[in-house]
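Structure below is start_2.tsv: TSV, N, CA and C atoms.
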chain	number	residue	atom	x	y	z
A	1	MET	N	-80.97	-21.19	-33.80
A	1	MET	CA	-80.12	-21.89	-34.72
A	1	MET	C	-78.83	-21.10	-34.89
A	2	SER	N	-77.71	-21.79	-34.86
A	2	SER	CA	-76.41	-21.17	-35.07
A	2	SER	C	-75.87	-21.52	-36.45
A	3	ILE	N	-75.18	-20.56	-37.04
A	3	ILE	CA	-74.53	-20.78	-38.33
A	3	ILE	C	-73.05	-20.52	-38.13
A	4	ILE	N	-72.23	-21.48	-38.50
A	4	ILE	CA	-70.78	-21.30	-38.45
A	4	ILE	C	-70.27	-21.49	-39.87
A	5	SER	N	-69.54	-20.51	-40.35
A	5	SER	CA	-69.00	-20.57	-41.70
A	5	SER	C	-67.51	-20.26	-41.63
A	6	ILE	N	-66.70	-21.12	-42.21
A	6	ILE	CA	-65.26	-20.89	-42.28
A	6	ILE	C	-64.89	-20.78	-43.75
A	7	ILE	N	-64.29	-19.65	-44.11
A	7	ILE	CA	-63.94	-19.41	-45.51
A	7	ILE	C	-62.43	-19.47	-45.65
A	8	THR	N	-61.97	-20.43	-46.43
A	8	THR	CA	-60.53	-20.61	-46.65
A	8	THR	C	-60.24	-20.72	-48.14
A	9	GLN	N	-59.02	-20.44	-48.51
A	9	GLN	CA	-58.57	-20.57	-49.90
A	9	GLN	C	-57.18	-19.97	-49.97
A	10	LYS	N	-56.54	-20.10	-51.11
A	10	LYS	CA	-55.22	-19.49	-51.28
A	10	LYS	C	-55.35	-17.97	-51.31
A	11	GLY	N	-54.24	-17.29	-51.24
A	11	GLY	CA	-54.25	-15.83	-51.18
A	11	GLY	C	-54.76	-15.16	-52.44
A	12	GLY	N	-55.40	-14.01	-52.25
A	12	GLY	CA	-55.79	-13.18	-53.38
A	12	GLY	C	-57.03	-13.59	-54.12
A	13	VAL	N	-57.87	-14.44	-53.51
A	13	VAL	CA	-59.07	-14.90	-54.22
A	13	VAL	C	-60.36	-14.25	-53.72
A	14	GLY	N	-60.27	-13.40	-52.70
A	14	GLY	CA	-61.45	-12.69	-52.23
A	14	GLY	C	-62.07	-13.21	-50.95
A	15	LYS	N	-61.29	-13.93	-50.13
A	15	LYS	CA	-61.84	-14.46	-48.87
A	15	LYS	C	-62.37	-13.35	-47.98
A	16	THR	N	-61.64	-12.27	-47.85
A	16	THR	CA	-62.06	-11.18	-46.98
A	16	THR	C	-63.33	-10.53	-47.51
A	17	THR	N	-63.41	-10.32	-48.80
A	17	THR	CA	-64.59	-9.71	-49.40
A	17	THR	C	-65.82	-10.59	-49.18
A	18	VAL	N	-65.67	-11.90	-49.41
A	18	VAL	CA	-66.79	-12.83	-49.21
A	18	VAL	C	-67.17	-12.88	-47.73
A	19	SER	N	-66.17	-12.92	-46.85
A	19	SER	CA	-66.44	-12.99	-45.41
A	19	SER	C	-67.16	-11.74	-44.92
A	20	ALA	N	-66.67	-10.57	-45.30
A	20	ALA	CA	-67.28	-9.31	-44.86
A	20	ALA	C	-68.70	-9.17	-45.41
A	21	SER	N	-68.89	-9.48	-46.67
A	21	SER	CA	-70.23	-9.33	-47.25
A	21	SER	C	-71.21	-10.34	-46.67
A	22	THR	N	-70.76	-11.55	-46.41
A	22	THR	CA	-71.61	-12.56	-45.78
A	22	THR	C	-72.00	-12.13	-44.37
A	23	ALA	N	-71.04	-11.61	-43.63
A	23	ALA	CA	-71.32	-11.13	-42.26
A	23	ALA	C	-72.32	-9.98	-42.28
A	24	LEU	N	-72.14	-9.04	-43.18
A	24	LEU	CA	-73.08	-7.91	-43.30
A	24	LEU	C	-74.49	-8.41	-43.64
A	25	TRP	N	-74.58	-9.34	-44.56
A	25	TRP	CA	-75.87	-9.89	-44.96
A	25	TRP	C	-76.56	-10.61	-43.79
A	26	LEU	N	-75.80	-11.45	-43.07
A	26	LEU	CA	-76.38	-12.18	-41.94
A	26	LEU	C	-76.86	-11.21	-40.86
A	27	ALA	N	-76.07	-10.18	-40.58
A	27	ALA	CA	-76.46	-9.19	-39.57
A	27	ALA	C	-77.74	-8.45	-40.00
A	28	GLU	N	-77.82	-8.10	-41.29
A	28	GLU	CA	-79.02	-7.44	-41.80
A	28	GLU	C	-80.25	-8.34	-41.73
A	29	GLU	N	-80.02	-9.66	-41.78
A	29	GLU	CA	-81.11	-10.63	-41.67
A	29	GLU	C	-81.51	-10.87	-40.22
A	30	GLY	N	-80.85	-10.15	-39.29
A	30	GLY	CA	-81.19	-10.26	-37.87
A	30	GLY	C	-80.40	-11.29	-37.10
A	31	LYS	N	-79.40	-11.90	-37.72
A	31	LYS	CA	-78.56	-12.90	-37.04
A	31	LYS	C	-77.42	-12.20	-36.32
A	32	LYS	N	-77.20	-12.51	-35.06
A	32	LYS	CA	-76.04	-11.99	-34.34
A	32	LYS	C	-74.81	-12.60	-34.97
A	33	THR	N	-73.91	-11.75	-35.47
A	33	THR	CA	-72.81	-12.20	-36.32
A	33	THR	C	-71.47	-11.68	-35.83
A	34	LEU	N	-70.49	-12.58	-35.78
A	34	LEU	CA	-69.11	-12.23	-35.46
A	34	LEU	C	-68.24	-12.71	-36.61
A	35	VAL	N	-67.53	-11.79	-37.25
A	35	VAL	CA	-66.60	-12.16	-38.32
A	35	VAL	C	-65.19	-11.93	-37.78
A	36	ILE	N	-64.32	-12.94	-37.98
A	36	ILE	CA	-62.97	-12.91	-37.43
A	36	ILE	C	-61.96	-13.17	-38.54
A	37	SER	N	-60.89	-12.38	-38.56
A	37	SER	CA	-59.78	-12.62	-39.47
A	37	SER	C	-58.61	-13.18	-38.68
A	38	THR	N	-58.03	-14.26	-39.20
A	38	THR	CA	-56.81	-14.83	-38.59
A	38	THR	C	-55.61	-14.62	-39.51
A	39	ASP	N	-55.81	-13.91	-40.60
A	39	ASP	CA	-54.74	-13.64	-41.57
A	39	ASP	C	-53.70	-12.71	-40.92
A	40	PRO	N	-52.41	-13.03	-41.01
A	40	PRO	CA	-51.39	-12.14	-40.45
A	40	PRO	C	-51.37	-10.77	-41.14
A	41	ALA	N	-51.81	-10.70	-42.39
A	41	ALA	CA	-51.89	-9.42	-43.12
A	41	ALA	C	-53.37	-9.04	-43.22
A	42	HIS	N	-53.94	-8.63	-42.09
A	42	HIS	CA	-55.37	-8.34	-42.02
A	42	HIS	C	-55.80	-7.25	-43.00
A	43	SER	N	-57.01	-7.42	-43.55
A	43	SER	CA	-57.62	-6.36	-44.36
A	43	SER	C	-59.12	-6.25	-44.08
A	44	LEU	N	-59.59	-6.99	-43.07
A	44	LEU	CA	-61.00	-6.94	-42.72
A	44	LEU	C	-61.40	-5.54	-42.27
A	45	SER	N	-60.52	-4.86	-41.53
A	45	SER	CA	-60.83	-3.49	-41.09
A	45	SER	C	-61.01	-2.56	-42.28
A	46	ASP	N	-60.24	-2.77	-43.34
A	46	ASP	CA	-60.41	-1.97	-44.56
A	46	ASP	C	-61.77	-2.25	-45.20
A	47	SER	N	-62.13	-3.52	-45.27
A	47	SER	CA	-63.40	-3.89	-45.90
A	47	SER	C	-64.60	-3.33	-45.14
A	48	LEU	N	-64.51	-3.34	-43.81
A	48	LEU	CA	-65.62	-2.87	-42.99
A	48	LEU	C	-65.51	-1.39	-42.62
A	49	GLU	N	-64.41	-0.77	-43.04
A	49	GLU	CA	-64.15	0.65	-42.77
A	49	GLU	C	-64.27	0.98	-41.28
A	50	LYS	N	-63.63	0.14	-40.46
A	50	LYS	CA	-63.65	0.31	-39.00
A	50	LYS	C	-62.35	-0.24	-38.44
A	51	LYS	N	-61.73	0.48	-37.52
A	51	LYS	CA	-60.50	0.00	-36.89
A	51	LYS	C	-60.84	-1.20	-36.02
A	52	LEU	N	-60.16	-2.30	-36.26
A	52	LEU	CA	-60.41	-3.53	-35.52
A	52	LEU	C	-59.16	-3.95	-34.75
A	53	GLY	N	-59.39	-4.67	-33.68
A	53	GLY	CA	-58.29	-5.21	-32.89
A	53	GLY	C	-58.53	-6.67	-32.60
A	54	HIS	N	-57.80	-7.16	-31.59
A	54	HIS	CA	-57.87	-8.57	-31.22
A	54	HIS	C	-59.23	-8.95	-30.64
A	55	ASP	N	-59.84	-8.03	-29.91
A	55	ASP	CA	-61.15	-8.30	-29.30
A	55	ASP	C	-62.27	-7.83	-30.21
A	56	PRO	N	-63.43	-8.51	-30.17
A	56	PRO	CA	-64.55	-8.12	-31.02
A	56	PRO	C	-64.96	-6.66	-30.82
A	57	THR	N	-65.15	-5.98	-31.95
A	57	THR	CA	-65.55	-4.58	-31.99
A	57	THR	C	-66.94	-4.49	-32.61
A	58	PRO	N	-67.85	-3.73	-32.00
A	58	PRO	CA	-69.17	-3.57	-32.63
A	58	PRO	C	-69.05	-2.79	-33.94
A	59	ILE	N	-69.69	-3.31	-34.98
A	59	ILE	CA	-69.67	-2.68	-36.30
A	59	ILE	C	-71.01	-2.02	-36.59
A	60	GLY	N	-72.06	-2.70	-36.22
A	60	GLY	CA	-73.42	-2.21	-36.43
A	60	GLY	C	-74.37	-3.14	-35.70
A	61	GLU	N	-75.66	-2.97	-35.95
A	61	GLU	CA	-76.64	-3.84	-35.30
A	61	GLU	C	-76.39	-5.29	-35.68
A	62	ASN	N	-76.24	-6.15	-34.68
A	62	ASN	CA	-76.02	-7.60	-34.85
A	62	ASN	C	-74.66	-7.97	-35.42
A	63	LEU	N	-73.72	-7.04	-35.53
A	63	LEU	CA	-72.44	-7.35	-36.18
A	63	LEU	C	-71.25	-6.89	-35.35
A	64	TRP	N	-70.33	-7.81	-35.13
A	64	TRP	CA	-69.05	-7.56	-34.46
A	64	TRP	C	-67.95	-8.15	-35.33
A	65	ALA	N	-66.73	-7.60	-35.20
A	65	ALA	CA	-65.61	-8.09	-35.99
A	65	ALA	C	-64.33	-8.00	-35.18
A	66	ALA	N	-63.37	-8.87	-35.52
A	66	ALA	CA	-62.06	-8.87	-34.85
A	66	ALA	C	-61.00	-9.35	-35.81
A	67	GLU	N	-59.80	-8.83	-35.61
A	67	GLU	CA	-58.62	-9.30	-36.33
A	67	GLU	C	-57.68	-9.88	-35.27
A	68	ILE	N	-57.56	-11.19	-35.25
A	68	ILE	CA	-56.78	-11.87	-34.22
A	68	ILE	C	-55.30	-11.50	-34.33
A	69	ASP	N	-54.75	-11.07	-33.21
A	69	ASP	CA	-53.32	-10.77	-33.11
A	69	ASP	C	-52.62	-12.05	-32.70
A	70	PRO	N	-51.75	-12.62	-33.56
A	70	PRO	CA	-51.13	-13.91	-33.24
A	70	PRO	C	-50.28	-13.87	-31.97
A	71	GLU	N	-49.64	-12.74	-31.68
A	71	GLU	CA	-48.84	-12.62	-30.46
A	71	GLU	C	-49.73	-12.71	-29.21
A	72	VAL	N	-50.85	-12.01	-29.23
A	72	VAL	CA	-51.78	-12.05	-28.10
A	72	VAL	C	-52.37	-13.44	-27.97
A	73	ALA	N	-52.74	-14.05	-29.07
A	73	ALA	CA	-53.31	-15.40	-29.05
A	73	ALA	C	-52.32	-16.40	-28.46
A	74	MET	N	-51.05	-16.27	-28.81
A	74	MET	CA	-50.02	-17.17	-28.26
A	74	MET	C	-49.94	-17.00	-26.75
A	75	GLN	N	-49.97	-15.76	-26.27
A	75	GLN	CA	-49.90	-15.49	-24.83
A	75	GLN	C	-51.15	-16.02	-24.12
A	76	ASP	N	-52.31	-15.86	-24.76
A	76	ASP	CA	-53.56	-16.31	-24.16
A	76	ASP	C	-53.58	-17.82	-23.93
A	77	TYR	N	-52.98	-18.57	-24.85
A	77	TYR	CA	-53.07	-20.02	-24.79
A	77	TYR	C	-51.79	-20.71	-24.37
A	78	GLN	N	-50.80	-19.95	-23.94
A	78	GLN	CA	-49.55	-20.52	-23.49
A	78	GLN	C	-49.73	-21.15	-22.12
A	79	VAL	N	-49.15	-22.34	-21.97
A	79	VAL	CA	-49.20	-23.02	-20.67
A	79	VAL	C	-48.28	-22.28	-19.71
A	80	LYS	N	-48.81	-21.99	-18.53
A	80	LYS	CA	-48.02	-21.23	-17.54
A	80	LYS	C	-47.61	-22.11	-16.40

Structure re-expressed in structure tokens:
Amino acid sequence: MSIISIITQKGGVGKTTVSASTALWLAEEGKKTLVISTDPAHSLSDSLEKKLGHDPTPIGENLWAAEIDPEVAMQDYQVK
């Protein structure tokens, strides 16, 4: 079974905190979990205390995280 959760809201309401804690909980429950930030002002790396980049980085057992770089994403999906 797959679980997909998208957390959105206006700024400053705790989206990153909820996303990071949900990802940690799912990973601890044995679910393979990838948490991704698309916010231009990333703070997921601060919440998880791990340097993150555009590609998924292992955080712990069953948990990976990434902070999408909009410039890289534009290049990845640009028609050539």

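Between atom C of Ile59 (chain A) and atom C of Glu71 (chain A) lies a distance of 24.9 Å.
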
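Using all atoms listed in the file, the residues found no farther than 6 Å from Pro56 (chain A), other than those of its own chain fewer than 3 positions away, are Gly53, Trp64, Ala65 and Ala66 of chain A.
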
* Asked: What separation in Å, quoted to one decimal, exists between atom C of Ile3 (chain A) and atom C of Ser43 (chain A)?
  -> 20.8 Å

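Between atom C of Lys32 (chain A) and atom C of Glu61 (chain A) the interatomic distance comes to 7.5 Å.
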
* **Spatial neighbours of His54 (chain A), 6 Å, only N, CA and C atoms, chain gap at least 4 places, as a PyMOL selection string** => chain A and resi 66-69

Got time to write the residues from that selection, N, CA and C atoms, as a PDB file, keeping the file's coordinate frame?
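Result file selection-v9.pdb:
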ATOM      1  N   ALA A  66     -63.370  -8.870 -35.520  1.00  0.00           N
ATOM      2  CA  ALA A  66     -62.060  -8.870 -34.850  1.00  0.00           C
ATOM      3  C   ALA A  66     -61.000  -9.350 -35.810  1.00  0.00           C
ATOM      4  N   GLU A  67     -59.800  -8.830 -35.610  1.00  0.00           N
ATOM      5  CA  GLU A  67     -58.620  -9.300 -36.330  1.00  0.00           C
ATOM      6  C   GLU A  67     -57.680  -9.880 -35.270  1.00  0.00           C
ATOM      7  N   ILE A  68     -57.560 -11.190 -35.250  1.00  0.00           N
ATOM      8  CA  ILE A  68     -56.780 -11.870 -34.220  1.00  0.00           C
ATOM      9  C   ILE A  68     -55.300 -11.500 -34.330  1.00  0.00           C
ATOM     10  N   ASP A  69     -54.750 -11.070 -33.210  1.00  0.00           N
ATOM     11  CA  ASP A  69     -53.320 -10.770 -33.110  1.00  0.00           C
ATOM     12  C   ASP A  69     -52.620 -12.050 -32.700  1.00  0.00           C
TER      13      ASP A  69
END

As lines of an AutoDock Vina configuration file, what would the box around region 38-57 of chain A look like: edges along x, y and z, 4 Å added on every side, centre and edge lengths in Å to one decimal?
center_x = -59.2
center_y = -6.9
center_z = -37.6
size_x = 23.6
size_y = 23.8
size_z = 24.6

* Closest of A:Gln9, A:Gln78, A:Thr16, A:Ser2 to His42 (chain A) - atom-to-atom distances counting only C-alpha atoms ->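 Checking each candidate against His42 (chain A), we get A:Thr16 as the closest.
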
* Quick one: everything within 8 Å of region 23-26 of chain A, counting all atoms listed in the file, minus sequence neighbours fewer than 5 positions away in the same chain. Send it as a PyMOL selection string. => chain A and resi 17-18+31-35+61-64
